[in-house]
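The structure file my_file02.json is reproduced below (JSON, C-alpha atoms).
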```json
[["chain", "number", "residue", "atom", "x", "y", "z"],
["A", 16, "MET", "CA", 0.00, 0.00, 0.00],
["A", 17, "ILE", "CA", 1.17, 3.48, -0.82],
["A", 18, "GLY", "CA", 0.37, 6.35, 1.54],
["A", 19, "VAL", "CA", -0.61, 4.07, 4.43],
["A", 20, "ASP", "CA", 1.57, 3.20, 7.40],
["A", 21, "ARG", "CA", 1.29, 2.73, 11.16],
["A", 22, "GLY", "CA", 1.52, 6.48, 11.64],
["A", 23, "GLY", "CA", -1.58, 7.24, 9.59],
["A", 24, "ILE", "CA", -3.04, 7.47, 6.15],
["A", 25, "SER", "CA", -2.40, 10.04, 3.44],
["A", 26, "PRO", "CA", -5.44, 11.56, 1.71],
["A", 27, "VAL", "CA", -4.05, 10.05, -1.54],
["A", 28, "HIS", "CA", -3.24, 6.34, -1.18],
["A", 29, "THR", "CA", -3.81, 2.77, -2.37],
["A", 30, "HIS", "CA", -5.46, -0.04, -0.44],
["A", 31, "ASP", "CA", -3.80, -2.94, -2.26],
["A", 32, "SER", "CA", -1.63, -3.88, -5.24],
["A", 33, "THR", "CA", -4.27, -3.17, -7.93],
["A", 34, "GLY", "CA", -2.90, 0.34, -8.38],
["A", 35, "VAL", "CA", -6.28, 1.98, -7.82],
["A", 36, "ILE", "CA", -5.65, 5.35, -6.16],
["A", 37, "HIS", "CA", -8.08, 6.30, -3.41],
["A", 38, "ILE", "CA", -8.72, 9.83, -2.18],
["A", 39, "GLU", "CA", -10.07, 10.05, 1.32],
["A", 40, "SER", "CA", -9.65, 13.59, 2.58],
["A", 41, "PRO", "CA", -11.51, 15.85, 4.98],
["A", 42, "VAL", "CA", -10.77, 18.66, 2.50],
["A", 43, "THR", "CA", -12.52, 18.72, -0.87],
["A", 44, "ARG", "CA", -9.96, 19.66, -3.50],
["A", 45, "THR", "CA", -8.27, 18.28, -6.58],
["A", 46, "PHE", "CA", -5.26, 16.06, -5.91],
["A", 47, "THR", "CA", -2.62, 15.40, -8.58],
["A", 48, "LEU", "CA", -0.63, 12.42, -9.75],
["A", 49, "GLY", "CA", 2.50, 14.21, -8.55],
["A", 50, "GLU", "CA", 1.14, 14.30, -5.00],
["A", 51, "PHE", "CA", 0.57, 10.54, -5.15],
["A", 52, "PHE", "CA", 4.11, 9.97, -6.41],
["A", 53, "THR", "CA", 5.38, 12.14, -3.55],
["A", 54, "GLU", "CA", 3.64, 9.79, -1.08],
["A", 55, "TRP", "CA", 5.36, 6.93, -2.88],
["A", 56, "ASP", "CA", 8.67, 8.83, -2.56],
["A", 57, "VAL", "CA", 9.20, 8.58, -6.32],
["A", 58, "GLY", "CA", 9.95, 11.63, -8.44],
["A", 59, "LEU", "CA", 7.78, 12.38, -11.46],
["A", 60, "SER", "CA", 8.33, 15.15, -14.01],
["A", 61, "THR", "CA", 8.17, 15.83, -17.72],
["A", 62, "ASP", "CA", 11.45, 14.01, -18.32],
["A", 63, "SER", "CA", 11.80, 11.52, -15.47],
["A", 64, "ILE", "CA", 10.07, 8.92, -13.37],
["A", 65, "GLY", "CA", 11.98, 7.80, -10.33],
["A", 66, "GLY", "CA", 15.62, 7.37, -11.36],
["A", 67, "LEU", "CA", 14.77, 6.94, -15.05],
["A", 68, "GLN", "CA", 15.63, 9.88, -17.33],
["A", 69, "THR", "CA", 14.41, 10.50, -20.86],
["A", 70, "GLY", "CA", 16.92, 10.74, -23.71],
["A", 71, "ASN", "CA", 18.87, 8.30, -25.90],
["A", 72, "GLY", "CA", 15.65, 7.02, -27.47],
["A", 73, "LYS", "CA", 13.81, 6.77, -24.15],
["A", 74, "THR", "CA", 10.67, 8.82, -23.58],
["A", 75, "LEU", "CA", 8.08, 9.22, -20.85],
["A", 76, "ARG", "CA", 4.54, 9.27, -22.17],
["A", 77, "ALA", "CA", 1.31, 9.81, -20.27],
["A", 78, "PHE", "CA", -2.19, 8.72, -21.23],
["A", 79, "LEU", "CA", -5.51, 9.62, -19.63],
["A", 80, "ASN", "CA", -8.40, 7.29, -20.43],
["A", 81, "GLY", "CA", -6.50, 6.04, -23.48],
["A", 82, "ASN", "CA", -5.67, 9.51, -24.83],
["A", 83, "PRO", "CA", -2.16, 11.00, -24.95],
["A", 84, "VAL", "CA", -1.47, 13.82, -22.50],
["A", 85, "THR", "CA", 1.12, 16.54, -23.06],
["A", 86, "GLY", "CA", 2.94, 18.46, -20.37],
["A", 87, "ASN", "CA", 4.06, 17.40, -16.93],
["A", 88, "PRO", "CA", 2.33, 14.15, -15.85],
["A", 89, "ALA", "CA", 2.78, 15.21, -12.20],
["A", 90, "ALA", "CA", 0.18, 17.93, -12.83],
["A", 91, "LEU", "CA", -2.51, 15.44, -13.93],
["A", 92, "PRO", "CA", -5.54, 15.75, -11.69],
["A", 93, "ILE", "CA", -6.79, 12.52, -10.14],
["A", 94, "ASN", "CA", -10.51, 12.12, -10.81],
["A", 95, "ALA", "CA", -12.78, 9.21, -9.94],
["A", 96, "HIS", "CA", -12.50, 6.32, -12.41],
["A", 97, "ASP", "CA", -9.87, 7.95, -14.63],
["A", 98, "GLU", "CA", -7.31, 5.55, -16.01],
["A", 99, "ILE", "CA", -3.82, 7.03, -16.03],
["A", 100, "VAL", "CA", -1.03, 5.17, -17.84],
["A", 101, "LEU", "CA", 2.65, 6.15, -17.76],
["A", 102, "ILE", "CA", 5.01, 4.48, -20.22],
["A", 103, "PHE", "CA", 8.77, 4.86, -20.07],
["A", 104, "GLY", "CA", 11.03, 3.59, -22.85],
["A", 105, "GLY", "CA", 11.06, 3.44, -26.61],
["A", 106, "ALA", "CA", 7.95, 3.11, -28.75],
["A", 107, "GLN", "CA", 6.78, -0.45, -29.30],
["A", 108, "ARG", "CA", 5.06, -1.73, -32.43],
["A", 109, "GLY", "CA", 1.47, -2.72, -31.86],
["A", 110, "GLU", "CA", 1.52, -1.01, -28.48],
["A", 111, "SER", "CA", -1.88, -1.05, -26.80],
["A", 112, "ILE", "CA", -2.68, 1.64, -24.24],
["A", 113, "PRO", "CA", -5.20, 0.49, -21.62],
["A", 114, "SER", "CA", -8.26, 2.73, -21.58],
["A", 115, "HIS", "CA", -10.68, 0.76, -19.40],
["A", 116, "TYR", "CA", -10.41, -0.70, -15.93],
["A", 117, "GLU", "CA", -13.20, -2.67, -14.28],
["A", 118, "PHE", "CA", -13.49, -0.96, -10.90],
["A", 119, "ALA", "CA", -14.77, -3.02, -7.99],
["A", 120, "SER", "CA", -18.10, -2.05, -6.49],
["A", 121, "GLY", "CA", -17.70, 0.98, -4.24],
["A", 122, "GLN", "CA", -14.47, 2.24, -5.81]]
```
Encoded form using structure tokens:
Amino acid sequence: MIGVDRGGISPVHTHDSTGVIHIESPVTRTFTLGEFFTEWDVGLSTDSIGGLQTGNGKTLRAFLNGNPVTGNPAALPINAHDEIVLIFGGAQRGESIPSHYEFASGQ
């Protein structure tokens, strides 16, 4: 789980290994993908994810609900039932970008 430990729970967190991000906050506001990555202690920017840097044929691409997103992926707002995909590396032939996730009841 990301954002959950014995000391408490972050407003932006996961409950299990599915990767579904949950927002449980006493404050109503828009949270971003960058805030989630901060909880995970992994850097995210236009040209890097964690210790991986773009260049030499490697790119970082972001997709929201199957559509390409430009700009800094850390700024992506997290909205209910959005599917966010980050791909690092070179382009692959026949690449399929997921655009649908079957959320469990209550998610």
Which of these residues is nearest to Ser114 of chain A, using only C-alpha atoms: A:Lys73, A:His37, A:Arg44, A:His96?
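Of the candidates, the smallest distance to Ser114 of chain A is held by A:His96.
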Can you pull out every residue within 10 Å of His28 of chain A, counting only C-alpha atoms, but drop anything in the same chain fewer than 2 positions away, and send it as a PyMOL selection string?
chain A and resi 16-19+24-26+30-31+34-39+50-52+54-55
Distance in Å - atom CA of Gln107 of chain A versus atom CA of Gly70 of chain A
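That distance, rounded to one decimal, is 16.1 Å.
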Find the residues of segment 21-53 of chain A that sit at most 7 Å from segment 75-89 of chain A; for each, write down the nearest two atoms and how far apart they are in Å, to one decimal. Count only C-alpha atoms. Sort by chain, then by number going up, and give it as a tab-separated table.
```
residue	atom	partner	partner_atom	distance
A:Thr47	CA	A:Ala89	CA	6.5
A:Leu48	CA	A:Ala89	CA	5.0
A:Gly49	CA	A:Ala89	CA	3.8
```
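Going from atom CA of Gly65 of chain A over to atom CA of Ile102 of chain A, you cover 12.5 Å.
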Pick from A:Leu91, A:Leu59, A:Ala106, A:Val100, whichever lies nearest to Thr74 of chain A using all atoms listed in the file
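Among A:Leu91, A:Leu59, A:Ala106, A:Val100, it is A:Ala106 that comes nearest to Thr74 of chain A.
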Report, in Å to a single decimal, how far apart atom CA of Leu101 of chain A and atom CA of Pro113 of chain A are.
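Spanning atom CA of Pro113 of chain A to atom CA of Leu101 of chain A is a straight-line distance of 10.4 Å.
With distances restricted to all atoms listed in the file, A:Asn71 is the closest residue to Gly105 of chain A from A:Thr29, A:Gly58, A:Gly23, A:Asn71.
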